[in-house]
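Quick look at input05.cif (mmCIF, C-alpha atoms and all ligand atoms):
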data_model
loop_
_atom_site.label_atom_id
_atom_site.label_comp_id
_atom_site.auth_asym_id
_atom_site.auth_seq_id
_atom_site.Cartn_x
_atom_site.Cartn_y
_atom_site.Cartn_z
CA MET A 26 0.00 0.00 0.00
CA LYS A 27 1.34 3.46 -0.90
CA HIS A 28 0.87 6.34 1.58
CA PRO A 29 -1.95 4.55 3.34
CA ALA A 30 -4.08 6.86 5.39
CA LYS A 31 -5.07 5.25 8.66
CA ASP A 32 -8.64 4.55 7.56
CA GLU A 33 -7.44 3.18 4.20
CA GLN A 34 -5.19 0.68 5.91
CA GLN A 35 -8.00 -0.17 8.30
CA GLN A 36 -10.34 -0.64 5.35
CA VAL A 37 -7.98 -3.17 3.76
CA GLU A 38 -7.31 -4.96 7.02
CA GLU A 39 -11.00 -5.31 7.82
CA LEU A 40 -11.61 -6.66 4.35
CA VAL A 41 -8.90 -9.31 4.44
CA MET A 42 -9.63 -10.34 8.01
CA LYS A 43 -13.04 -11.56 6.85
CA VAL A 44 -11.31 -14.30 4.90
CA GLY A 45 -7.91 -14.72 6.47
CA GLU A 46 -5.49 -13.87 9.24
CA ILE A 47 -2.98 -11.01 9.20
CA ILE A 48 0.29 -12.42 10.48
CA HIS A 49 2.70 -9.60 9.82
CA ARG A 50 2.93 -5.93 8.84
CA VAL A 51 6.04 -4.40 7.32
CA VAL A 52 6.44 -0.63 7.24
CA ASP A 53 9.14 0.37 4.77
CA GLY A 54 9.40 4.12 4.27
CA GLU A 55 6.29 5.13 2.38
CA GLN A 56 4.98 1.62 1.93
CA THR A 57 3.18 -0.74 4.23
CA SER A 58 2.93 -4.43 3.42
CA ILE A 59 0.39 -6.70 5.04
CA ILE A 60 1.03 -10.43 5.02
CA VAL A 61 -2.12 -12.50 5.14
CA ILE A 62 -2.71 -16.21 5.50
CA PRO A 63 -6.01 -16.72 3.66
CA ASP A 64 -8.70 -19.16 4.73
CA PRO A 65 -8.61 -22.27 2.53
CA GLY A 66 -9.56 -21.44 -1.05
CA ARG A 67 -9.88 -17.66 -0.46
CA ASP A 68 -6.51 -16.47 -1.79
CA GLN A 69 -7.86 -15.58 -5.23
CA TRP A 70 -10.79 -13.75 -3.65
CA ILE A 71 -8.40 -11.64 -1.59
CA CYS A 72 -6.23 -10.81 -4.61
CA ASP A 73 -9.24 -9.92 -6.78
CA THR A 74 -10.90 -7.78 -4.12
CA VAL A 75 -7.90 -5.88 -2.88
CA ARG A 76 -6.03 -5.31 -6.15
CA PRO A 77 -8.45 -2.72 -7.64
CA LEU A 78 -8.30 -0.47 -4.57
CA GLU A 79 -6.70 2.79 -5.57
CA PHE A 80 -4.02 2.97 -2.84
CA ILE A 81 -2.87 -0.65 -3.36
CA SER A 82 0.35 -0.84 -5.34
CA HIS A 83 0.96 -4.56 -5.39
CA VAL A 84 -0.77 -7.82 -4.47
CA GLU A 85 1.15 -11.01 -4.61
CA ALA A 86 0.44 -14.64 -3.74
CA ILE A 87 3.58 -15.90 -2.03
CA ASP A 88 4.41 -19.38 -3.10
CA THR A 89 6.72 -20.54 -0.30
CA SER A 90 6.31 -22.52 2.85
CA TYR A 91 8.09 -19.82 4.88
CA VAL A 92 6.95 -16.28 5.50
CA LEU A 93 8.48 -14.48 8.48
CA SER A 94 12.06 -15.49 7.73
CA ALA A 95 11.67 -14.39 4.11
CA ARG A 96 13.22 -11.26 2.66
CA HIS A 97 9.82 -9.74 1.89
CA SER A 98 8.94 -9.77 5.60
CA GLN A 99 11.81 -7.50 6.50
CA LYS A 100 13.84 -5.27 4.27
CA GLU A 101 16.90 -4.82 6.47
CA ARG A 102 18.97 -7.80 7.54
CA THR A 103 18.44 -9.05 11.08
CA VAL A 104 21.36 -8.40 13.39
CA VAL A 105 21.25 -10.60 16.48
CA SER A 106 22.83 -9.04 19.55
CA ILE A 107 24.57 -11.54 21.81
CA THR A 108 25.91 -8.94 24.24
CA LYS A 109 25.92 -5.18 24.01
CA ASP A 110 29.15 -5.29 21.99
CA LEU A 111 28.76 -8.51 20.04
CA HIS A 112 26.38 -8.83 17.12
CA ILE A 113 25.90 -11.58 14.54
CA GLY A 114 24.77 -10.48 11.10
CA ALA A 115 26.66 -7.20 11.03
CA ARG A 116 30.07 -6.50 9.49
CA GLU A 117 32.05 -8.52 11.95
CA PHE A 118 32.63 -12.18 11.09
CA VAL A 119 31.98 -13.92 14.42
CA VAL A 120 33.85 -17.12 15.19
CA MET A 121 32.40 -19.34 17.92
CA ALA A 122 34.68 -22.15 19.01
CA GLY A 123 35.31 -24.72 21.70
CA PRO A 124 35.04 -28.42 22.36
CA CYS A 125 32.28 -30.55 20.92
CA THR A 126 31.50 -31.58 24.46
CA VAL A 127 32.25 -30.36 27.94
CA GLU A 128 34.23 -33.19 29.54
CA SER A 129 35.61 -31.51 32.66
CA LYS A 130 36.33 -28.09 34.15
CA GLU A 131 40.01 -28.35 33.24
CA GLN A 132 39.43 -29.48 29.64
CA THR A 133 36.88 -26.72 29.07
CA TYR A 134 39.04 -24.00 30.59
CA HIS A 135 42.13 -25.10 28.70
CA ILE A 136 40.37 -25.06 25.34
CA ALA A 137 38.41 -21.89 26.11
CA GLN A 138 41.57 -19.99 26.93
CA SER A 139 43.22 -21.04 23.69
CA VAL A 140 40.27 -20.17 21.45
CA LYS A 141 39.86 -16.81 23.16
CA LYS A 142 43.52 -16.03 22.60
CA ALA A 143 43.12 -16.84 18.92
CA GLY A 144 40.12 -14.51 18.52
CA ALA A 145 36.99 -16.60 19.11
CA LEU A 146 34.21 -14.41 20.47
CA VAL A 147 31.84 -17.10 21.72
CA LEU A 148 32.65 -20.33 23.56
CA ARG A 149 30.88 -23.46 22.32
CA GLY A 150 30.43 -26.75 24.18
CA GLY A 151 27.81 -29.49 24.42
CA ALA A 152 26.29 -30.69 27.68
CA PHE A 153 23.24 -32.71 26.62
CA LYS A 154 24.65 -34.65 23.68
CA PRO A 155 22.27 -36.10 21.09
CA ARG A 156 24.24 -39.25 20.26
CA THR A 157 23.40 -41.84 17.64
CA SER A 158 23.87 -44.68 20.14
CA PRO A 159 22.48 -44.58 23.67
CA PHE A 160 25.56 -46.50 24.84
CA THR A 161 28.01 -43.68 24.06
CA PHE A 162 28.88 -40.69 26.25
CA GLN A 163 25.78 -38.56 26.59
CA GLY A 164 27.38 -35.42 28.01
CA LEU A 165 27.58 -34.09 31.58
CA GLY A 166 24.07 -32.61 31.43
CA GLN A 167 23.36 -29.73 33.82
CA ARG A 168 26.87 -29.87 35.27
CA GLY A 169 28.32 -29.54 31.78
CA LEU A 170 26.26 -26.43 31.07
CA GLU A 171 27.27 -24.93 34.41
CA ILE A 172 30.96 -25.61 33.73
CA LEU A 173 30.64 -23.95 30.33
CA ALA A 174 28.85 -20.93 31.83
CA GLN A 175 31.43 -20.54 34.63
CA THR A 176 34.29 -20.81 32.16
CA GLY A 177 32.67 -18.27 29.86
CA GLN A 178 32.18 -15.88 32.76
CA LYS A 179 35.75 -16.26 33.93
CA LEU A 180 37.09 -15.45 30.47
CA GLY A 181 34.47 -12.93 29.43
CA LEU A 182 33.16 -15.11 26.61
CA PRO A 183 29.45 -15.60 25.95
CA ILE A 184 28.52 -19.27 25.55
CA ILE A 185 26.50 -21.38 23.13
CA CYS A 186 25.17 -24.81 24.11
CA GLU A 187 22.70 -27.23 22.55
CA MET A 188 19.27 -27.71 24.14
CA THR A 189 17.62 -31.03 23.34
CA CYS A 190 14.22 -30.83 25.02
CA GLN A 191 11.69 -28.36 26.32
CA SER A 192 12.20 -29.26 29.98
CA GLN A 193 15.76 -27.87 29.82
CA LEU A 194 14.53 -24.39 28.91
CA PRO A 195 14.77 -22.71 32.37
CA LEU A 196 18.32 -24.01 32.73
CA PHE A 197 19.36 -22.71 29.32
CA ASP A 198 17.56 -19.42 29.84
CA LYS A 199 19.62 -18.96 33.00
CA HIS A 200 23.05 -20.04 31.75
CA ALA A 201 23.34 -19.85 27.96
CA ASP A 202 23.87 -16.72 25.87
CA ILE A 203 22.85 -18.53 22.69
CA ILE A 204 20.68 -21.65 22.65
CA GLN A 205 21.57 -24.11 19.92
CA VAL A 206 18.94 -26.32 18.31
CA GLY A 207 20.90 -29.10 16.67
CA MET A 208 20.55 -31.02 13.45
CA ARG A 209 18.56 -33.82 15.07
CA ASN A 210 15.98 -31.42 16.49
CA ALA A 211 15.95 -29.07 13.53
CA LEU A 212 12.37 -30.05 12.67
CA ASN A 213 11.17 -30.62 16.26
CA TYR A 214 8.34 -28.11 16.08
CA PRO A 215 7.27 -28.12 19.74
CA LEU A 216 10.89 -27.43 20.74
CA LEU A 217 11.16 -24.63 18.17
CA LYS A 218 7.93 -23.05 19.43
CA THR A 219 9.21 -23.19 22.99
CA CYS A 220 12.32 -21.29 21.87
CA GLY A 221 10.06 -18.74 20.22
CA LYS A 222 8.03 -18.18 23.39
CA LEU A 223 11.07 -17.34 25.54
CA GLU A 224 10.33 -14.07 27.28
CA SER A 225 14.01 -13.14 27.34
CA LYS A 226 14.06 -13.50 23.52
CA LYS A 227 17.40 -15.23 23.91
CA PRO A 228 19.23 -15.79 20.60
CA ILE A 229 18.57 -19.20 19.06
CA LEU A 230 21.05 -20.80 16.67
CA LEU A 231 19.08 -23.17 14.48
CA LYS A 232 20.98 -25.79 12.51
CA GLY A 233 19.67 -27.17 9.24
CA GLY A 234 18.20 -30.69 9.39
CA ILE A 235 20.28 -33.48 7.88
CA GLY A 236 17.96 -33.94 4.90
CA ALA A 237 16.14 -30.62 5.01
CA THR A 238 15.64 -28.38 2.00
CA ILE A 239 16.16 -24.63 2.26
CA ASP A 240 12.37 -24.17 2.32
CA GLU A 241 12.05 -26.56 5.26
CA PHE A 242 14.95 -24.86 7.04
CA LEU A 243 13.34 -21.43 6.74
CA ALA A 244 9.91 -22.77 7.67
CA ALA A 245 11.51 -24.22 10.83
CA ALA A 246 12.90 -20.75 11.61
CA ASP A 247 9.35 -19.39 11.16
CA TYR A 248 8.24 -21.63 14.06
CA ILE A 249 10.52 -19.62 16.36
CA LEU A 250 9.76 -16.23 14.79
CA CYS A 251 5.98 -16.60 14.83
CA GLU A 252 6.02 -17.11 18.61
CA GLY A 253 7.68 -13.73 19.07
CA ASN A 254 11.43 -14.34 19.28
CA PRO A 255 13.12 -12.47 16.39
CA ASN A 256 16.66 -13.48 17.39
CA VAL A 257 17.28 -16.43 15.12
CA ILE A 258 20.65 -17.34 13.60
CA LEU A 259 20.69 -19.97 10.87
CA CYS A 260 23.55 -22.47 10.87
CA LEU A 261 24.47 -24.59 7.86
CA ARG A 262 26.17 -27.80 8.94
CA GLY A 263 25.80 -29.97 5.84
CA THR A 264 23.17 -32.41 4.67
CA ILE A 265 23.18 -36.00 3.42
CA GLY A 266 25.54 -36.39 0.49
CA PHE A 267 27.35 -39.00 -1.57
CA SER A 268 30.93 -38.05 -0.83
CA GLN A 269 32.99 -40.54 1.16
CA GLU A 270 35.37 -37.73 2.03
CA SER A 271 33.29 -35.78 4.48
CA ARG A 272 30.71 -36.53 7.14
CA SER A 273 28.02 -34.39 5.51
CA ALA A 274 27.77 -32.48 2.27
CA ILE A 275 27.99 -28.72 2.64
CA ASN A 276 26.95 -26.73 -0.37
CA VAL A 277 28.68 -23.37 -0.43
CA ALA A 278 26.07 -22.15 -2.93
CA ASP A 279 23.46 -22.43 -0.16
CA ILE A 280 25.04 -19.42 1.56
CA PRO A 281 24.30 -16.82 -1.15
CA ALA A 282 21.05 -18.63 -1.96
CA LEU A 283 19.91 -18.29 1.65
CA ARG A 284 21.05 -14.69 1.81
CA ARG A 285 18.82 -13.86 -1.11
CA ARG A 286 15.86 -15.54 0.53
CA THR A 287 16.12 -14.53 4.16
CA HIS A 288 16.97 -11.54 6.34
CA LEU A 289 18.32 -13.81 9.11
CA PRO A 290 22.06 -14.11 9.82
CA ILE A 291 23.77 -17.24 8.52
CA VAL A 292 26.71 -19.03 10.09
CA VAL A 293 28.48 -22.22 9.05
CA ASP A 294 29.58 -25.21 11.13
CA PRO A 295 32.54 -26.59 9.17
CA SER A 296 33.36 -29.23 11.79
CA HIS A 297 30.20 -31.34 11.57
CA ALA A 298 30.08 -30.80 7.83
CA ALA A 299 33.63 -32.11 7.41
CA GLY A 300 33.87 -34.77 10.09
CA ARG A 301 37.68 -34.47 9.78
CA TRP A 302 39.80 -31.59 10.93
CA GLY A 303 41.85 -31.18 7.76
CA LEU A 304 38.83 -30.05 5.74
CA VAL A 305 37.77 -27.45 8.31
CA PRO A 306 40.06 -24.58 7.15
CA ALA A 307 38.94 -24.78 3.51
CA ILE A 308 35.23 -24.90 4.40
CA SER A 309 35.70 -22.02 6.85
CA ALA A 310 37.41 -19.81 4.29
CA ALA A 311 34.80 -20.69 1.67
CA ALA A 312 32.05 -19.74 4.12
CA LEU A 313 33.64 -16.36 4.80
CA VAL A 314 34.09 -15.59 1.12
CA ALA A 315 30.59 -16.80 0.20
CA GLY A 316 28.95 -14.35 2.62
CA ALA A 317 28.41 -16.20 5.90
CA ASP A 318 28.29 -14.12 9.08
CA GLY A 319 30.37 -16.44 11.23
CA LEU A 320 31.48 -19.94 12.14
CA LEU A 321 30.90 -22.58 14.80
CA VAL A 322 34.13 -24.58 15.08
CA GLU A 323 35.17 -27.53 17.23
CA VAL A 324 38.57 -27.33 18.93
CA HIS A 325 40.20 -29.84 21.30
CA HIS A 326 43.67 -29.79 22.85
CA ASN A 327 43.89 -33.56 22.61
CA PRO A 328 41.58 -34.88 19.88
CA LEU A 329 42.70 -38.45 20.46
CA THR A 330 41.20 -38.48 23.92
CA ALA A 331 38.13 -36.36 23.09
CA LEU A 332 34.99 -38.15 24.24
CA VAL A 333 33.04 -36.98 21.19
CA ASP A 334 34.03 -35.91 17.67
CA GLY A 335 37.84 -36.03 18.10
CA PRO A 336 38.60 -36.59 14.39
CA GLN A 337 37.00 -33.27 13.43
CA ALA A 338 38.48 -31.16 16.22
CA LEU A 339 41.21 -28.65 15.40
CA LEU A 340 44.17 -28.53 17.74
CA PRO A 341 44.45 -25.04 19.30
CA GLU A 342 47.52 -24.28 17.15
CA ARG A 343 45.60 -25.20 14.02
CA PHE A 344 42.70 -23.05 15.12
CA GLU A 345 45.08 -20.15 15.60
CA ARG A 346 46.48 -20.69 12.12
CA LEU A 347 42.94 -20.75 10.73
CA MET A 348 42.08 -17.47 12.47
CA PHE A 349 45.21 -15.89 11.06
CA ARG A 350 44.14 -16.91 7.57
CA LEU A 351 40.57 -15.72 8.04
CA ALA A 352 41.85 -12.38 9.33
CA ALA A 353 43.89 -12.02 6.14
CA ILE A 354 40.94 -12.86 3.88
CA ALA A 355 38.23 -10.88 5.72
CA PRO A 356 39.06 -7.34 4.46
CA ALA A 357 38.96 -8.56 0.86
CA VAL A 358 35.28 -9.43 1.30
CA GLY A 359 34.34 -6.40 3.38
CA ARG A 360 34.42 -8.14 6.75
CA THR A 361 36.21 -7.53 10.00
CA LEU A 362 37.46 -10.14 12.43
CA ALA A 363 37.90 -9.81 16.17
CA PRO A 364 40.53 -7.16 16.89
CA VAL A 365 43.08 -9.44 18.55
CA GLU A 366 46.73 -9.61 17.76
CA ILE A 367 47.33 -12.91 16.03
CA THR A 368 50.99 -13.34 15.31
CA ARG A 369 51.69 -14.97 12.04
CA PRO A 370 52.44 -18.66 12.59
CA ASP A 371 55.74 -19.66 10.97
CA ASP A 372 54.26 -21.79 8.22
CA ALA A 373 51.04 -19.97 7.51
CA HIS A 374 50.61 -18.13 4.27
CA PRO A 375 47.18 -16.55 4.41
CA LEU A 376 45.93 -17.48 1.01
CA HIS A 377 47.29 -20.86 0.15
CA ASP A 378 47.74 -24.22 1.81
CA LEU A 379 44.17 -24.11 3.04
CA CYS A 380 43.47 -27.40 1.35
CA LEU A 381 46.90 -28.93 1.37
CA GLU A 382 47.08 -30.30 4.86
CA ASP A 383 46.44 -34.02 5.17
CA PRO A 384 42.77 -34.10 6.08
CA GLY A 385 43.17 -37.23 8.20
CA PRO A 386 41.22 -40.42 7.66
CA ALA A 387 37.93 -40.29 5.81
CA PRO A 388 34.87 -41.39 7.80
CA GLY A 389 35.01 -45.15 8.15
CA GLU A 390 38.62 -45.32 6.90
CA LYS A 391 40.81 -47.51 9.09
CA ARG A 392 43.94 -45.30 8.91
CA PRO A 393 44.66 -43.83 12.34
CA ILE A 394 44.74 -40.07 12.73
CA ILE A 395 48.44 -39.70 12.91
CA ASP A 396 50.96 -37.03 12.27
CA ASP A 397 53.76 -35.81 14.47
CA GLU A 398 51.58 -33.61 16.62
CA GLU A 399 49.04 -36.32 17.22
CA ARG A 400 51.73 -38.93 17.78
CA ARG A 401 53.22 -36.72 20.50
CA ALA A 402 49.77 -36.22 22.02
CA LEU A 403 49.13 -39.95 21.95
CA LEU A 404 52.45 -40.79 23.58
CA SER A 405 51.92 -38.23 26.30
CA PHE A 406 48.44 -39.61 26.89
CA LEU A 407 49.68 -43.18 27.07
CA SER A 408 52.48 -42.29 29.42
CA THR A 409 50.14 -40.57 31.90
CA PRO A 410 48.83 -43.12 34.39
CA PRO A 411 45.04 -43.23 34.45
CA GLU A 412 43.32 -41.72 37.46
CA PRO A 413 42.08 -44.42 39.83
CA LYS A 414 38.42 -45.09 39.10
CA LYS A 415 36.01 -44.25 41.87
CA GLU A 416 34.17 -47.32 43.18
CA GLN A 417 30.82 -47.46 41.46
CA LYS A 418 28.25 -49.25 43.49
CA ASN A 419 26.04 -51.50 41.50
CA GLN A 420 22.42 -50.33 41.77
CA ARG A 421 21.33 -53.87 42.54
CA ASP A 422 23.72 -54.10 45.51
CA LYS A 423 21.91 -51.31 47.28
C1 LIG B 501 27.11 -30.14 17.89
O1 LIG B 501 27.16 -28.95 17.51
O2 LIG B 501 27.84 -30.61 18.78
C2 LIG B 501 26.20 -31.08 17.20
C3 LIG B 501 25.82 -32.23 17.74
O3 LIG B 501 25.89 -30.66 15.96
P1 LIG B 501 24.81 -31.20 14.89
O4 LIG B 501 23.48 -30.95 15.52
O5 LIG B 501 25.08 -30.35 13.72
O6 LIG B 501 25.10 -32.65 14.65
MN MN B 502 30.33 -32.35 17.77
#
As structure tokens:
Amino acid sequence: MKHPAKDEQQQVEELVMKVGEIIHRVVDGEQTSIIVIPDPGRDQWICDTVRPLEFISHVEAIDTSYVLSARHSQKERTVVSITKDLHIGAREFVVMAGPCTVESKEQTYHIAQSVKKAGALVLRGGAFKPRTSPFTFQGLGQRGLEILAQTGQKLGLPIICEMTCQSQLPLFDKHADIIQVGMRNALNYPLLKTCGKLESKKPILLKGGIGATIDEFLAAADYILCEGNPNVILCLRGTIGFSQESRSAINVADIPALRRRTHLPIVVDPSHAAGRWGLVPAISAAALVAGADGLLVEVHHNPLTALVDGPQALLPERFERLMFRLAAIAPAVGRTLAPVEITRPDDAHPLHDLCLEDPGPAPGEKRPIIDDEERRALLSFLSTPPEPKKEQKNQRDK
């Protein structure tokens, strides 16, 4: 509608409300757009009735399964504020990093310190792990989240952690700065709605489902937005693919494609996409160049002993090298990186070698992850005597 006078807008709204529901209004300078979900079969009626009105400039039937996350719902790009100084979706390329999983206070602190030093602005770590097998390590639960929060506070880093069910919401609302909804829950609509209803409007990082299309991804984001939480960050982490080389298939073309379709910020998780650390630098650089707003990267100081996802974790030194390279690339694509002093590692040329490191064994390949650094880590691990196990009383003995 062009220059709608109050009663003209009211006239249109009353008309459409007879046969549909108004779900969104967008005021853009001199224009106001009204987005309507018509009652079944009434879309043509709405178009035909509204179009001839003199102050209507455009009527369009939108043929997508997503609405609120779409570009036409908001002209300017959404910038999600994590703290008063940290924003995702603006000029700064925000790198979030840390272990896949919180294993102990010491492990978390050690890794957090190293990623902070290298320029990460958010600390990641899992506490409630959605594992494929119920017999594998499931995370430290509440204690894990508390360790992550305490570590973040100590170092002045906001934290991101994955929430796996609605009942955890009060805990996450209290401790997390960003709530992650992971790949396995990416289409869990009740969970998404719960995130949308959060009074604090805490930022939600939503990963794409393993087989989800872009339409389904954006429709999932709508589930959060339509409940009133506008702070949604999309995270591409790869989908099912045919390559034997990586854990999932990440399509770099999805980044500009998404940017054309949505106003929401987009980050990339190169670690779960790759499944092996050696591919992480190339995917990260590609994400930066293709227009992503940040990364979510897994780092571990001793990948061989990591309880989850060791093969895809970067050693802290490799993470530092990656940050150095990203810092060199960022200005060429109009981005800034955290203003920390990263000294140039001896062997790091910013613009080559990204893909030349041995990427380690492919998923399912029997070759051990081994190079000098890992061999040293392994030997030091093997030469450290294990801590005596605490007596675990058998439930049945009680
Ligand atoms: C994670 O970030 O640790 C995780 C489990 O990721 P995804 O949901 O992408 O598998
Ligand atoms: Mn992981």
### Query
Smallest atom-to-atom distance to ligand MN 502 (chain B): which of A:Thr126, A:Thr57, A:Thr133, A:Gln269, using only C-alpha atoms and all ligand atoms?
A:Thr126
### Message
Could you list, as a ChimeraX atom specification, all protein and nucleic acid residues with an atom at most 7 Å from ligand MN 502 (chain B), counting all atoms listed in the file?
### Response
/A:125-126,297,323,333-334
### Length of the CA of Arg301 (chain A) to CA of Ile184 (chain A) vector [Å]
23.7 Å
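Atom pair atom C1 of ligand LIG 501 (chain B) / CA of Cys190 (chain A) has a distance of 14.7 Å (rounded to one decimal).
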### Query
Within 12 Å of (40.8, -24.3, 21.7), all atoms listed in the file: residues as a VMD selection string?
chain A and resid 120 to 125 132 to 150 322 to 328 338 to 348
Give, as AutoDock Vina command-line options, the centre coordinates and the x, y and z edge lengths in Å to one decimal for an axis-aligned box around all listed atoms of region 312-320 of chain A, padded by 3 Å on each side.
--center_x 31.2 --center_y -17.0 --center_z 6.2 --size_x 11.8 --size_y 11.8 --size_z 17.9
### Message
With only C-alpha atoms as the counted atoms, please give the residues lying no more than 12 Å from region 76-87 of chain A, apart from itself and same-chain residues fewer than 4 positions off, as a PyMOL selection string.
### Response
chain A and resi 26-34+36-37+40-41+55-63+67-72+91-93+95-98
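Here CA of Leu329 (chain A) stands at a distance of 25.1 Å from CA of Ile275 (chain A).
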### Message
Neighbouring residues of ligand LIG 501 (chain B) are defined here as those with any atom at most 10 Å from a ligand atom, counting all atoms listed in the file; list them as a PyMOL selection string.
### Response
chain A and resi 123-126+149-157+185-187+189+205-211+231-235+260-264+273+293-298+321-323+333-334
### Task
Check the smallest atom-to-atom distance from each of A:Ile265, A:Ile239, A:Ile113, A:Met42 to Asp279 (chain A) using all atoms listed in the file, then report the winner.
A:Ile239
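Omitting Gly300 (chain A) and its sequence neighbours fewer than 5 positions away, and counting only C-alpha atoms, the residues within 6 Å are A:Ser271, A:Arg272, A:Gln337.
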### Task
Extract, using all atoms listed in the file, all DNA, RNA and protein residues at most 8 Å from Gln191 (chain A), discarding same-chain residues fewer than 2 positions from it, and format them as a ChimeraX atom specification.
/A:188-189,193-194,215-216,219
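Taking only C-alpha atoms into account, Gly181 (chain A) lies nearest to A:Asp110 out of the set A:Asp247, A:Asp110, A:Glu128, A:Asp240.
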#### Entry: For region 172-175 of chain A: contacts at 8 Å, all atoms listed in the file, fewer than 3 positions along chain excluded, given as a PyMOL selection string
chain A and resi 127+129-130+133+148+150+168-169+178-179+183-184+200-201
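Closest to Pro255 (chain A) among A:Gln163, A:Ser94, A:Thr176, A:Ser268 is A:Ser94, based on all atoms listed in the file.
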Could you add the missing atoms to region 109-128 of chain A, up to N, CA and C atoms, and return them as an mmCIF file, in the coordinates of the input?
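Wrote result.cif, looks like this:
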data_model
loop_
_atom_site.group_PDB
_atom_site.id
_atom_site.type_symbol
_atom_site.label_atom_id
_atom_site.label_comp_id
_atom_site.auth_asym_id
_atom_site.auth_seq_id
_atom_site.Cartn_x
_atom_site.Cartn_y
_atom_site.Cartn_z
ATOM 1 N N LYS A 109 26.093 -6.539 24.545
ATOM 2 C CA LYS A 109 25.920 -5.180 24.010
ATOM 3 C C LYS A 109 26.984 -4.853 22.948
ATOM 4 N N ASP A 110 28.100 -5.579 22.976
ATOM 5 C CA ASP A 110 29.150 -5.290 21.990
ATOM 6 C C ASP A 110 29.294 -6.343 20.904
ATOM 7 N N LEU A 111 28.551 -7.417 20.998
ATOM 8 C CA LEU A 111 28.760 -8.510 20.040
ATOM 9 C C LEU A 111 27.466 -8.799 19.271
ATOM 10 N N HIS A 112 27.568 -8.699 17.954
ATOM 11 C CA HIS A 112 26.380 -8.830 17.120
ATOM 12 C C HIS A 112 26.673 -9.791 15.966
ATOM 13 N N ILE A 113 25.717 -10.655 15.672
ATOM 14 C CA ILE A 113 25.900 -11.580 14.540
ATOM 15 C C ILE A 113 24.969 -11.138 13.413
ATOM 16 N N GLY A 114 25.569 -10.941 12.235
ATOM 17 C CA GLY A 114 24.770 -10.480 11.100
ATOM 18 C C GLY A 114 25.197 -9.075 10.681
ATOM 19 N N ALA A 115 26.143 -8.514 11.412
ATOM 20 C CA ALA A 115 26.660 -7.200 11.030
ATOM 21 C C ALA A 115 27.979 -7.400 10.269
ATOM 22 N N ARG A 116 28.864 -6.421 10.313
ATOM 23 C CA ARG A 116 30.070 -6.500 9.490
ATOM 24 C C ARG A 116 31.098 -7.497 10.036
ATOM 25 N N GLU A 117 31.051 -7.643 11.346
ATOM 26 C CA GLU A 117 32.050 -8.520 11.950
ATOM 27 C C GLU A 117 31.731 -9.994 11.702
ATOM 28 N N PHE A 118 32.750 -10.739 11.300
ATOM 29 C CA PHE A 118 32.630 -12.180 11.090
ATOM 30 C C PHE A 118 32.905 -12.821 12.452
ATOM 31 N N VAL A 119 31.891 -13.461 13.023
ATOM 32 C CA VAL A 119 31.980 -13.920 14.420
ATOM 33 C C VAL A 119 32.320 -15.405 14.476
ATOM 34 N N VAL A 120 33.455 -15.711 15.076
ATOM 35 C CA VAL A 120 33.850 -17.120 15.190
ATOM 36 C C VAL A 120 33.535 -17.618 16.600
ATOM 37 N N MET A 121 32.731 -18.681 16.647
ATOM 38 C CA MET A 121 32.400 -19.340 17.920
ATOM 39 C C MET A 121 33.174 -20.649 17.924
ATOM 40 N N ALA A 122 33.848 -20.948 19.015
ATOM 41 C CA ALA A 122 34.680 -22.150 19.010
ATOM 42 C C ALA A 122 34.784 -22.748 20.397
ATOM 43 N N GLY A 123 35.161 -24.017 20.428
ATOM 44 C CA GLY A 123 35.310 -24.720 21.700
ATOM 45 C C GLY A 123 35.150 -26.208 21.458
ATOM 46 N N PRO A 124 35.131 -26.979 22.533
ATOM 47 C CA PRO A 124 35.040 -28.420 22.360
ATOM 48 C C PRO A 124 33.654 -28.840 21.889
ATOM 49 N N CYS A 125 33.602 -29.999 21.239
ATOM 50 C CA CYS A 125 32.280 -30.550 20.920
ATOM 51 C C CYS A 125 31.515 -30.663 22.217
ATOM 52 N N THR A 126 32.193 -31.238 23.227
ATOM 53 C CA THR A 126 31.500 -31.580 24.460
ATOM 54 C C THR A 126 32.312 -31.183 25.678
ATOM 55 N N VAL A 127 31.607 -30.657 26.669
ATOM 56 C CA VAL A 127 32.250 -30.360 27.940
ATOM 57 C C VAL A 127 32.553 -31.691 28.624
ATOM 58 N N GLU A 128 33.841 -31.917 28.903
ATOM 59 C CA GLU A 128 34.230 -33.190 29.540
ATOM 60 C C GLU A 128 34.623 -32.970 30.992
#
